[in-house]
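Inspection log for the structure reproduced underneath, given as structure tokens.
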Amino acid sequence: MQKTWWKESVVYQIYPRSFNDSNGDGIGDINGIINKLDYIKSLGIDVIWLCPVYESPNDDNGYDISNYRAIMKEFGTMTEFDTLLIEIHKRGLKLVMDLVANHTSDEHYWFQEARKSKENPYHDYYIWKSGKNGNPPNNWKAFFGGSVWQYNSNTDEYYMHFFSKKQPDLNWENPKVRQEIYDIIKFWFEKGVDGFRMDVISLISKQLDFPDADTDNYVEVINKYYANGPKIHKYLKEMNATVLSKYDIMTVGEGPGINLENGLQYVDASENELNMIFHFDHMFIDAGPGGKYDTIPIDLVKFKNIFNQWDNKLKNKGWGSIFLGNHDFSRIVSRFGNDSIYRTESAKLLATLLLSLRGTVYIYQGEEIGMTNVAFSSIEDYNDIETLNAYNEGKKQGKNMDDVMKNIHMQSRDNARTPMHWDSGSNASFTSGKPWIKMNPNYTKINVENQLNYEGSILSYYKRMIQFRKENPVLVYGDYECIDLLNQYAYAYRRWDESTEFLIIHNFSDNKLLWETSIKTENYTLVKSNIDKSNQLFELLPWQSKILKKQ
């Protein structure tokens, strides 16, 4: 297996709006990030992934871009961005930006022109269709609710938007559009940026016959009609040949609809497309038939199986991404752990899991201190467009609004977007002003300052686990085998190479666990645990992780 820096990296994701505000306007900014670079470096991080900081009207918090070559005024200036890049590189870190190439903002110059007339040279930069009997061209639903089609009276047509109506989808069939995107990528690489996380890249190629969907199951609709279109691999190969392959960078594609059947093609080294993808098999594991806001309990056997199957699929030809959370999902300790009585233990267990699996590891801001979901009592306190649409949809359908709010408390993207907790001072010292979104009230207890110099803290444990991974390349490149797959409470696996072997066991439960196995304890010694209590090697306390080394 070819070894390279991006396989060995631990990536820290920053959601800039919520990270650190330097000027008191309540919104995190570029200078705020610069002020915290030493903190990030101290974790043992190698790469920072920065969510969009481009000019945007902020309909979808920066994922609706109106100018790809300018910085959003709320975040700072291009000069400040250049300083950020210099300071990141000065510390031996790298910077990965977000590339949003499926859609623009409707306030982008291209779309402002495109909507004027069918003859406008920019009209063909987007996807237009005539309506059917006064209705939209087909029955497709947008990710944020409603139809994917929006009427434009100037041309008597509908334009397509997979997300908000203020995010019109680009027409990748047009070679001019593709060249525009490649030029944008080159612009940032020439500045010195070290890679791109590519937003919903699996959606850029469309099925041009636009058939009606024959199912209401939204995941099926995405897989069957929206994702992995007929020319997706042609476009990615072209992007790689034109620009990506010319630089020493890393790429990770975000992929709704990317699954075990098609995932390898995106990342197979011989295909020359992307280095890694984010698949979402484990991230929709608690989505019921009605989707994300119709929650079902997480099944650990299914969870393990997803990691097993993906590792098996990618192990010889591709490379994986290991993550449990990001800006689009709930806090990991609230979702996969126990965020009340066993918050510290389960947060450390999840750190152990992340940092002992094969693939590039991604940590989202706040995970390293065990930040939790927030439960705002009023919908007025939520900001996220997806959350607000889910609430309004529930109301329209006459659902029990208490149940709707319960699901929002569990699944809202705003759970991950409440500001970072730096200390127990006013607004956790995220801002000296009024935060753009309310703080999670538990910041007085859960914050960086409280955990900084305490050996038993989640933060200290993350640092130690990152260091442990770096000292043991077997955890990056070594083989992986899951043991006792059908166990409902234990997740156990081996990681090994020619010189080292680890046996790793996690107890995903609130109860003590005696792991029953034919493996002999005398062959192993305990080298790391998230709980400092001595017990038998295969006996685990609630939410305990153990890393055992074979002698």
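Chain labels follow the order of the structure tokens: the first chain is A, the next B, and so on; residue numbering restarts at 1 in every chain, and ligands are counted from 1 in their shown order.
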
Which parts of range 129-232 of chain A does DSSP call strand (DSSP E or B) when run on the backbone here, written out as a PDB file with C-alpha atoms, in the first residue's frame?
```pdb
ATOM      1  CA  LYS A 129     -37.154  22.752 -17.899  1.00  0.00           C
ATOM      2  CA  LYS A 132     -46.144  20.231 -17.156  1.00  0.00           C
ATOM      3  CA  ASN A 135     -46.976  22.217 -12.596  1.00  0.00           C
ATOM      4  CA  LYS A 141     -38.380  16.685  -3.759  1.00  0.00           C
ATOM      5  CA  SER A 147     -40.049  20.664  -5.040  1.00  0.00           C
ATOM      6  CA  TRP A 149     -38.089  23.099  -9.260  1.00  0.00           C
ATOM      7  CA  GLN A 150     -38.599  26.859  -8.939  1.00  0.00           C
ATOM      8  CA  TYR A 151     -40.521  28.918 -11.512  1.00  0.00           C
ATOM      9  CA  ASN A 152     -38.779  31.793 -13.313  1.00  0.00           C
ATOM     10  CA  GLU A 157     -39.319  27.887 -17.146  1.00  0.00           C
ATOM     11  CA  TYR A 158     -38.357  26.127 -13.952  1.00  0.00           C
ATOM     12  CA  TYR A 159     -34.791  25.909 -12.693  1.00  0.00           C
ATOM     13  CA  MET A 160     -33.547  22.952 -10.664  1.00  0.00           C
ATOM     14  CA  ASP A 169     -27.865  23.582  -9.552  1.00  0.00           C
ATOM     15  CA  LEU A 170     -25.112  24.101 -12.115  1.00  0.00           C
ATOM     16  CA  GLY A 195      -6.854  20.350  -0.906  1.00  0.00           C
ATOM     17  CA  PHE A 196     -10.635  20.367  -1.131  1.00  0.00           C
ATOM     18  CA  ARG A 197     -13.533  18.680   0.568  1.00  0.00           C
ATOM     19  CA  MET A 198     -16.064  18.564  -2.274  1.00  0.00           C
ATOM     20  CA  ASP A 199     -19.623  19.216  -1.185  1.00  0.00           C
TER      21      ASP A 199
END
```

So that I can check the secondary structure, give me every residue of range 399-501 of chain A assigned alpha helix (DSSP H) by backbone DSSP, as a ChimeraX atom specification. /A:401-411,448-452,458-471,474-477

Output file for the residues above (N, CA, C and O atoms, as a short mmCIF file (atom, residue, chain, number, x, y, z; two decimals), in the first residue's frame):
```
data_model
loop_
_atom_site.label_atom_id
_atom_site.label_comp_id
_atom_site.auth_asym_id
_atom_site.auth_seq_id
_atom_site.Cartn_x
_atom_site.Cartn_y
_atom_site.Cartn_z
N MET A 401 -46.57 18.18 17.48
CA MET A 401 -45.41 19.07 17.43
C MET A 401 -44.43 18.80 18.57
O MET A 401 -43.25 19.14 18.45
N ASP A 402 -44.89 18.17 19.65
CA ASP A 402 -43.94 17.76 20.70
C ASP A 402 -42.99 16.70 20.16
O ASP A 402 -41.78 16.72 20.43
N ASP A 403 -43.55 15.76 19.36
CA ASP A 403 -42.71 14.72 18.74
C ASP A 403 -41.76 15.33 17.73
O ASP A 403 -40.60 14.93 17.62
N VAL A 404 -42.26 16.30 16.97
CA VAL A 404 -41.42 16.97 15.97
C VAL A 404 -40.24 17.65 16.67
O VAL A 404 -39.08 17.51 16.25
N MET A 405 -40.51 18.36 17.77
CA MET A 405 -39.44 19.05 18.51
C MET A 405 -38.45 18.04 19.11
O MET A 405 -37.25 18.27 19.15
N LYS A 406 -38.98 16.88 19.56
CA LYS A 406 -38.10 15.85 20.13
C LYS A 406 -37.10 15.38 19.06
O LYS A 406 -35.92 15.20 19.32
N ASN A 407 -37.60 15.17 17.85
CA ASN A 407 -36.72 14.76 16.75
C ASN A 407 -35.74 15.85 16.37
O ASN A 407 -34.59 15.57 16.04
N ILE A 408 -36.19 17.10 16.43
CA ILE A 408 -35.29 18.23 16.15
C ILE A 408 -34.18 18.28 17.19
O ILE A 408 -33.01 18.49 16.86
N HIS A 409 -34.53 18.06 18.45
CA HIS A 409 -33.51 18.04 19.52
C HIS A 409 -32.46 16.96 19.24
O HIS A 409 -31.29 17.13 19.55
N MET A 410 -32.90 15.87 18.65
CA MET A 410 -31.96 14.77 18.37
C MET A 410 -31.18 14.99 17.08
O MET A 410 -30.00 14.65 17.00
N GLN A 411 -31.82 15.57 16.07
CA GLN A 411 -31.24 15.51 14.72
C GLN A 411 -30.89 16.85 14.07
O GLN A 411 -30.27 16.87 13.02
N VAL A 448 -13.03 24.15 27.02
CA VAL A 448 -11.60 23.85 26.84
C VAL A 448 -10.81 24.14 28.11
O VAL A 448 -10.01 23.32 28.56
N GLU A 449 -11.03 25.31 28.70
CA GLU A 449 -10.23 25.72 29.86
C GLU A 449 -10.33 24.70 31.00
O GLU A 449 -9.33 24.35 31.63
N ASN A 450 -11.54 24.20 31.26
CA ASN A 450 -11.74 23.22 32.33
C ASN A 450 -10.95 21.94 32.10
O ASN A 450 -10.61 21.22 33.04
N GLN A 451 -10.70 21.62 30.81
CA GLN A 451 -10.11 20.33 30.48
C GLN A 451 -8.63 20.41 30.13
O GLN A 451 -7.95 19.39 30.05
N LEU A 452 -8.14 21.64 29.94
CA LEU A 452 -6.80 21.84 29.38
C LEU A 452 -5.70 21.18 30.19
O LEU A 452 -4.85 20.49 29.65
N ILE A 458 -11.50 14.69 28.66
CA ILE A 458 -11.70 14.19 27.28
C ILE A 458 -10.64 14.81 26.37
O ILE A 458 -10.05 14.12 25.52
N LEU A 459 -10.38 16.09 26.55
CA LEU A 459 -9.39 16.80 25.73
C LEU A 459 -8.00 16.16 25.85
O LEU A 459 -7.33 15.90 24.84
N SER A 460 -7.58 15.89 27.08
CA SER A 460 -6.26 15.26 27.29
C SER A 460 -6.23 13.88 26.64
O SER A 460 -5.21 13.46 26.08
N TYR A 461 -7.36 13.19 26.73
CA TYR A 461 -7.42 11.84 26.15
C TYR A 461 -7.30 11.89 24.63
O TYR A 461 -6.61 11.06 24.02
N TYR A 462 -7.99 12.85 23.98
CA TYR A 462 -7.86 13.01 22.53
C TYR A 462 -6.41 13.23 22.13
O TYR A 462 -5.90 12.62 21.17
N LYS A 463 -5.71 14.09 22.89
CA LYS A 463 -4.30 14.36 22.57
C LYS A 463 -3.47 13.08 22.66
O LYS A 463 -2.64 12.79 21.80
N ARG A 464 -3.72 12.32 23.72
CA ARG A 464 -2.95 11.08 23.91
C ARG A 464 -3.27 10.05 22.82
O ARG A 464 -2.38 9.36 22.33
N MET A 465 -4.54 9.96 22.44
CA MET A 465 -4.93 8.99 21.41
C MET A 465 -4.36 9.38 20.04
O MET A 465 -3.94 8.51 19.27
N ILE A 466 -4.37 10.67 19.74
CA ILE A 466 -3.78 11.12 18.47
C ILE A 466 -2.29 10.78 18.45
O ILE A 466 -1.76 10.27 17.45
N GLN A 467 -1.62 11.04 19.57
CA GLN A 467 -0.19 10.73 19.68
C GLN A 467 0.04 9.22 19.54
O GLN A 467 0.97 8.78 18.85
N PHE A 468 -0.82 8.44 20.17
CA PHE A 468 -0.70 6.97 20.12
C PHE A 468 -0.83 6.47 18.68
O PHE A 468 -0.10 5.58 18.25
N ARG A 469 -1.79 7.04 17.95
CA ARG A 469 -1.97 6.66 16.54
C ARG A 469 -0.70 6.98 15.74
O ARG A 469 -0.27 6.19 14.90
N LYS A 470 -0.14 8.16 15.98
CA LYS A 470 1.06 8.56 15.23
C LYS A 470 2.26 7.66 15.56
O LYS A 470 3.10 7.41 14.71
N GLU A 471 2.30 7.18 16.79
CA GLU A 471 3.41 6.30 17.20
C GLU A 471 3.23 4.87 16.70
O GLU A 471 4.16 4.07 16.74
N VAL A 474 0.58 1.03 12.46
CA VAL A 474 -0.31 -0.10 12.22
C VAL A 474 -1.77 0.34 12.31
O VAL A 474 -2.64 -0.22 11.63
N LEU A 475 -2.05 1.36 13.13
CA LEU A 475 -3.43 1.85 13.26
C LEU A 475 -3.87 2.64 12.02
O LEU A 475 -5.07 2.80 11.78
N VAL A 476 -2.91 3.12 11.26
CA VAL A 476 -3.23 3.81 10.00
C VAL A 476 -3.33 2.78 8.87
O VAL A 476 -4.36 2.69 8.19
N TYR A 477 -2.27 2.02 8.68
CA TYR A 477 -2.14 1.18 7.48
C TYR A 477 -2.42 -0.31 7.70
O TYR A 477 -2.61 -1.04 6.73
#
```

Please identify all polymer residues within 7 Å of range 41-53 of chain A, counting only C-alpha atoms, omitting same-chain residues fewer than 3 positions from it, and present them as a PyMOL selection string. chain A and resi 9-16+37-38+62-63+71-72+75+93-98+463+466-467

Tell me, as a list in words, which residues lie within 9 Å of Leu324 in chain A, counting only C-alpha atoms; anything in the same chain fewer than 4 positions away does not count.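 Surrounding residues, per the criterion: His282, Met283, Phe329, Arg331, Ile332, Phe336, Leu350, Leu354, Tyr362, Ile363 and Tyr364 of chain A.
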
Deliver the residues from the most recent selection as a file, using N, CA and C atoms, as a PDB file, in the first residue's frame.
```pdb
ATOM      1  N   HIS A 282     -23.324   4.993   7.837  1.00  0.00           N
ATOM      2  CA  HIS A 282     -23.462   4.992   9.302  1.00  0.00           C
ATOM      3  C   HIS A 282     -24.118   6.272   9.808  1.00  0.00           C
ATOM      4  N   MET A 283     -24.134   7.328   8.962  1.00  0.00           N
ATOM      5  CA  MET A 283     -24.678   8.610   9.408  1.00  0.00           C
ATOM      6  C   MET A 283     -26.201   8.690   9.252  1.00  0.00           C
ATOM      7  N   PHE A 329     -24.548  17.042  11.216  1.00  0.00           N
ATOM      8  CA  PHE A 329     -25.126  15.980  12.041  1.00  0.00           C
ATOM      9  C   PHE A 329     -25.063  16.334  13.519  1.00  0.00           C
ATOM     10  N   ARG A 331     -24.207  16.008  17.600  1.00  0.00           N
ATOM     11  CA  ARG A 331     -22.968  15.797  18.345  1.00  0.00           C
ATOM     12  C   ARG A 331     -22.765  14.307  18.593  1.00  0.00           C
ATOM     13  N   ILE A 332     -21.531  13.829  18.413  1.00  0.00           N
ATOM     14  CA  ILE A 332     -21.322  12.374  18.404  1.00  0.00           C
ATOM     15  C   ILE A 332     -21.578  11.727  19.760  1.00  0.00           C
ATOM     16  N   PHE A 336     -24.069   8.688  19.444  1.00  0.00           N
ATOM     17  CA  PHE A 336     -23.500   7.340  19.494  1.00  0.00           C
ATOM     18  C   PHE A 336     -23.061   6.934  20.899  1.00  0.00           C
ATOM     19  N   LEU A 350     -15.478   6.935  21.904  1.00  0.00           N
ATOM     20  CA  LEU A 350     -15.629   7.311  20.495  1.00  0.00           C
ATOM     21  C   LEU A 350     -14.313   7.828  19.921  1.00  0.00           C
ATOM     22  N   LEU A 354     -12.511   6.176  16.675  1.00  0.00           N
ATOM     23  CA  LEU A 354     -12.094   6.987  15.520  1.00  0.00           C
ATOM     24  C   LEU A 354     -10.617   6.802  15.210  1.00  0.00           C
ATOM     25  N   TYR A 362     -11.233  12.239  10.833  1.00  0.00           N
ATOM     26  CA  TYR A 362     -11.780  13.599  10.853  1.00  0.00           C
ATOM     27  C   TYR A 362     -12.434  13.857  12.210  1.00  0.00           C
ATOM     28  N   ILE A 363     -12.006  14.935  12.852  1.00  0.00           N
ATOM     29  CA  ILE A 363     -12.566  15.334  14.153  1.00  0.00           C
ATOM     30  C   ILE A 363     -13.239  16.691  13.957  1.00  0.00           C
ATOM     31  N   TYR A 364     -14.477  16.804  14.389  1.00  0.00           N
ATOM     32  CA  TYR A 364     -15.213  18.066  14.248  1.00  0.00           C
ATOM     33  C   TYR A 364     -15.058  18.904  15.515  1.00  0.00           C
TER      34      TYR A 364
END
```

Considering only C-alpha atoms, state which residue in the set A:Ile369, A:Ile181, A:Ala390, A:Leu540 is at the smallest distance from Lys445 in chain A. A:Ile369

Report as number ranges by chain all protein, DNA and RNA residues lying within 10 Å of Tyr491 in chain A, evaluated on only C-alpha atoms, omitting residues in the same chain fewer than 4 positions from it. A: 300-301, 303-304, 353, 482-487, 504-508, 515, 545

d(CA of Tyr489 in chain A, CA of Glu367 in chain A) in Å: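 For CA of Tyr489 in chain A relative to CA of Glu367 in chain A, the distance reads 22.5 Å.
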
Point out the residue among A:Tyr218, A:Phe163, A:Tyr126, A:Trp319 with the least atom-to-atom distance to Phe284 in chain A, counting only C-alpha atoms. A:Tyr218

At a cut-off of 9 Å, using only C-alpha atoms, what residues contact Ile65 in chain A? Leave out same-chain residues fewer than 6 positions from it and give the result as a ChimeraX atom specification. /A:52,54-58,100,103-108,167

Residues just named, written with all heavy atoms as a short mmCIF file (atom, residue, chain, number, x, y, z; two decimals), in the first residue's frame:
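Contents of the output file selection02.cif:
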```
data_model
loop_
_atom_site.label_atom_id
_atom_site.label_comp_id
_atom_site.auth_asym_id
_atom_site.auth_seq_id
_atom_site.Cartn_x
_atom_site.Cartn_y
_atom_site.Cartn_z
N PRO A 52 -17.07 26.60 4.23
CA PRO A 52 -16.98 27.73 3.30
C PRO A 52 -16.85 29.11 3.97
O PRO A 52 -17.58 29.42 4.91
CB PRO A 52 -18.28 27.66 2.52
CG PRO A 52 -18.67 26.24 2.57
CD PRO A 52 -18.23 25.75 3.93
N TYR A 54 -16.42 31.72 1.62
CA TYR A 54 -16.58 32.54 0.42
C TYR A 54 -17.76 33.51 0.58
O TYR A 54 -18.63 33.31 1.43
CB TYR A 54 -16.86 31.65 -0.80
CG TYR A 54 -15.96 30.46 -0.94
CD1 TYR A 54 -16.39 29.19 -0.53
CD2 TYR A 54 -14.68 30.56 -1.48
CE1 TYR A 54 -15.58 28.08 -0.65
CE2 TYR A 54 -13.86 29.45 -1.62
CZ TYR A 54 -14.31 28.20 -1.19
OH TYR A 54 -13.51 27.10 -1.32
N GLU A 55 -17.80 34.49 -0.30
CA GLU A 55 -18.91 35.46 -0.30
C GLU A 55 -20.23 34.71 -0.51
O GLU A 55 -20.34 33.88 -1.40
CB GLU A 55 -18.69 36.47 -1.43
CG GLU A 55 -19.44 37.76 -1.24
CD GLU A 55 -18.98 38.80 -2.25
OE1 GLU A 55 -17.97 39.47 -2.00
OE2 GLU A 55 -19.64 38.91 -3.31
N SER A 56 -21.21 35.04 0.33
CA SER A 56 -22.47 34.28 0.31
C SER A 56 -23.56 35.08 1.00
O SER A 56 -23.31 35.74 2.00
CB SER A 56 -22.28 32.95 1.05
OG SER A 56 -23.53 32.36 1.35
N PRO A 57 -24.80 35.02 0.50
CA PRO A 57 -25.92 35.64 1.23
C PRO A 57 -26.37 34.82 2.43
O PRO A 57 -27.26 35.21 3.16
CB PRO A 57 -27.02 35.73 0.18
CG PRO A 57 -26.69 34.71 -0.84
CD PRO A 57 -25.20 34.53 -0.83
N ASN A 58 -25.76 33.64 2.60
CA ASN A 58 -25.98 32.85 3.82
C ASN A 58 -27.35 32.22 3.95
O ASN A 58 -27.86 32.07 5.06
CB ASN A 58 -25.73 33.71 5.06
CG ASN A 58 -24.43 33.33 5.71
OD1 ASN A 58 -24.04 32.18 5.67
ND2 ASN A 58 -23.76 34.30 6.27
N VAL A 100 -17.84 23.92 -3.33
CA VAL A 100 -19.27 23.70 -3.58
C VAL A 100 -19.48 23.87 -5.08
O VAL A 100 -19.58 24.98 -5.58
CB VAL A 100 -20.14 24.69 -2.79
CG1 VAL A 100 -21.62 24.34 -2.94
CG2 VAL A 100 -19.75 24.68 -1.30
N HIS A 103 -23.84 23.57 -7.02
CA HIS A 103 -24.78 24.68 -7.13
C HIS A 103 -24.08 25.98 -6.73
O HIS A 103 -23.02 25.95 -6.09
CB HIS A 103 -26.00 24.46 -6.23
CG HIS A 103 -25.65 24.05 -4.83
ND1 HIS A 103 -25.60 22.74 -4.42
CD2 HIS A 103 -25.28 24.78 -3.74
CE1 HIS A 103 -25.24 22.68 -3.15
NE2 HIS A 103 -25.03 23.90 -2.71
N THR A 104 -24.69 27.10 -7.09
CA THR A 104 -24.23 28.41 -6.62
C THR A 104 -25.36 29.03 -5.82
O THR A 104 -26.43 28.43 -5.66
CB THR A 104 -23.89 29.36 -7.80
OG1 THR A 104 -25.12 29.71 -8.47
CG2 THR A 104 -22.93 28.72 -8.78
N SER A 105 -25.14 30.25 -5.37
CA SER A 105 -26.24 31.06 -4.84
C SER A 105 -27.03 31.64 -6.03
O SER A 105 -26.47 31.85 -7.11
CB SER A 105 -25.67 32.21 -4.01
OG SER A 105 -26.67 33.20 -3.79
N ASP A 106 -28.31 31.91 -5.80
CA ASP A 106 -29.07 32.60 -6.85
C ASP A 106 -28.63 34.06 -6.98
O ASP A 106 -29.03 34.76 -7.91
CB ASP A 106 -30.58 32.50 -6.62
CG ASP A 106 -31.05 33.24 -5.37
OD1 ASP A 106 -30.20 33.60 -4.51
OD2 ASP A 106 -32.27 33.47 -5.23
N GLU A 107 -27.76 34.51 -6.05
CA GLU A 107 -27.22 35.86 -6.13
C GLU A 107 -25.85 35.91 -6.82
O GLU A 107 -25.25 36.98 -6.94
CB GLU A 107 -27.15 36.48 -4.73
CG GLU A 107 -28.53 36.64 -4.10
CD GLU A 107 -28.52 37.29 -2.72
OE1 GLU A 107 -27.67 38.18 -2.49
OE2 GLU A 107 -29.37 36.91 -1.89
N HIS A 108 -25.38 34.75 -7.29
CA HIS A 108 -24.15 34.72 -8.08
C HIS A 108 -24.41 35.44 -9.41
O HIS A 108 -25.49 35.31 -9.98
CB HIS A 108 -23.72 33.27 -8.32
CG HIS A 108 -22.30 33.13 -8.82
ND1 HIS A 108 -21.92 33.55 -10.07
CD2 HIS A 108 -21.19 32.62 -8.23
CE1 HIS A 108 -20.63 33.30 -10.23
NE2 HIS A 108 -20.17 32.75 -9.13
N GLN A 167 -30.37 28.06 -4.14
CA GLN A 167 -29.15 27.31 -4.52
C GLN A 167 -29.38 26.58 -5.85
O GLN A 167 -29.46 25.36 -5.90
CB GLN A 167 -28.78 26.31 -3.42
CG GLN A 167 -28.31 26.97 -2.13
CD GLN A 167 -28.20 25.97 -0.98
OE1 GLN A 167 -29.21 25.46 -0.50
NE2 GLN A 167 -26.99 25.70 -0.53
#
```

Identify which of the residues A:Gly134, A:Thr387, A:Asn223, A:Glu8 lies closest to Asn472 in chain A, counting only C-alpha atoms when measuring atom-to-atom distances. A:Glu8

Using only C-alpha atoms, which protein or nucleic acid residues come within 7 Å of Tyr480 in chain A? Drop anything in the same chain fewer than 2 positions from it, and give the result as JSON, numbers by chain. {"A": [478, 482, 493, 494, 495, 496]}

Write out the residues from the selection above, keeping N, CA, C and O atoms, as a PDB file, in the first residue's frame.
```pdb
ATOM      1  N   GLY A 478      -2.428  -0.755   8.953  1.00  0.00           N
ATOM      2  CA  GLY A 478      -2.494  -2.188   9.215  1.00  0.00           C
ATOM      3  C   GLY A 478      -3.814  -2.827   8.810  1.00  0.00           C
ATOM      4  O   GLY A 478      -4.809  -2.147   8.544  1.00  0.00           O
ATOM      5  N   CYS A 482     -12.909  -7.546  12.180  1.00  0.00           N
ATOM      6  CA  CYS A 482     -13.891  -7.453  13.266  1.00  0.00           C
ATOM      7  C   CYS A 482     -14.105  -8.850  13.854  1.00  0.00           C
ATOM      8  O   CYS A 482     -14.154  -9.847  13.140  1.00  0.00           O
ATOM      9  N   TYR A 493     -12.107  -5.657  17.484  1.00  0.00           N
ATOM     10  CA  TYR A 493     -11.416  -5.895  16.213  1.00  0.00           C
ATOM     11  C   TYR A 493      -9.910  -5.966  16.428  1.00  0.00           C
ATOM     12  O   TYR A 493      -9.376  -5.486  17.423  1.00  0.00           O
ATOM     13  N   ARG A 494      -9.252  -6.603  15.476  1.00  0.00           N
ATOM     14  CA  ARG A 494      -7.795  -6.693  15.454  1.00  0.00           C
ATOM     15  C   ARG A 494      -7.250  -5.712  14.435  1.00  0.00           C
ATOM     16  O   ARG A 494      -7.842  -5.521  13.372  1.00  0.00           O
ATOM     17  N   ARG A 495      -6.110  -5.097  14.761  1.00  0.00           N
ATOM     18  CA  ARG A 495      -5.347  -4.293  13.793  1.00  0.00           C
ATOM     19  C   ARG A 495      -3.924  -4.829  13.823  1.00  0.00           C
ATOM     20  O   ARG A 495      -3.329  -4.917  14.893  1.00  0.00           O
ATOM     21  N   TRP A 496      -3.389  -5.186  12.672  1.00  0.00           N
ATOM     22  CA  TRP A 496      -2.054  -5.795  12.695  1.00  0.00           C
ATOM     23  C   TRP A 496      -1.275  -5.526  11.407  1.00  0.00           C
ATOM     24  O   TRP A 496      -1.857  -5.261  10.351  1.00  0.00           O
TER      25      TRP A 496
END
```

Hey, which of A:Phe111, A:Tyr266, A:Tyr68, A:Trp172 ends up closest to Trp188 in chain A? Count only C-alpha atoms. A:Tyr68

Taking only C-alpha atoms into account, name the residue in A:Lys90, A:Arg335, A:Lys7, A:Lys313 that is nearest to Ile285 in chain A.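 When distances to Ile285 in chain A are compared using only C-alpha atoms, the smallest one comes from A:Arg335.
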
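Using only C-alpha atoms, the smallest distance between any of A:Asp381, A:Thr155, A:Ser321, A:Ala114 and Ser130 in chain A comes from A:Thr155.
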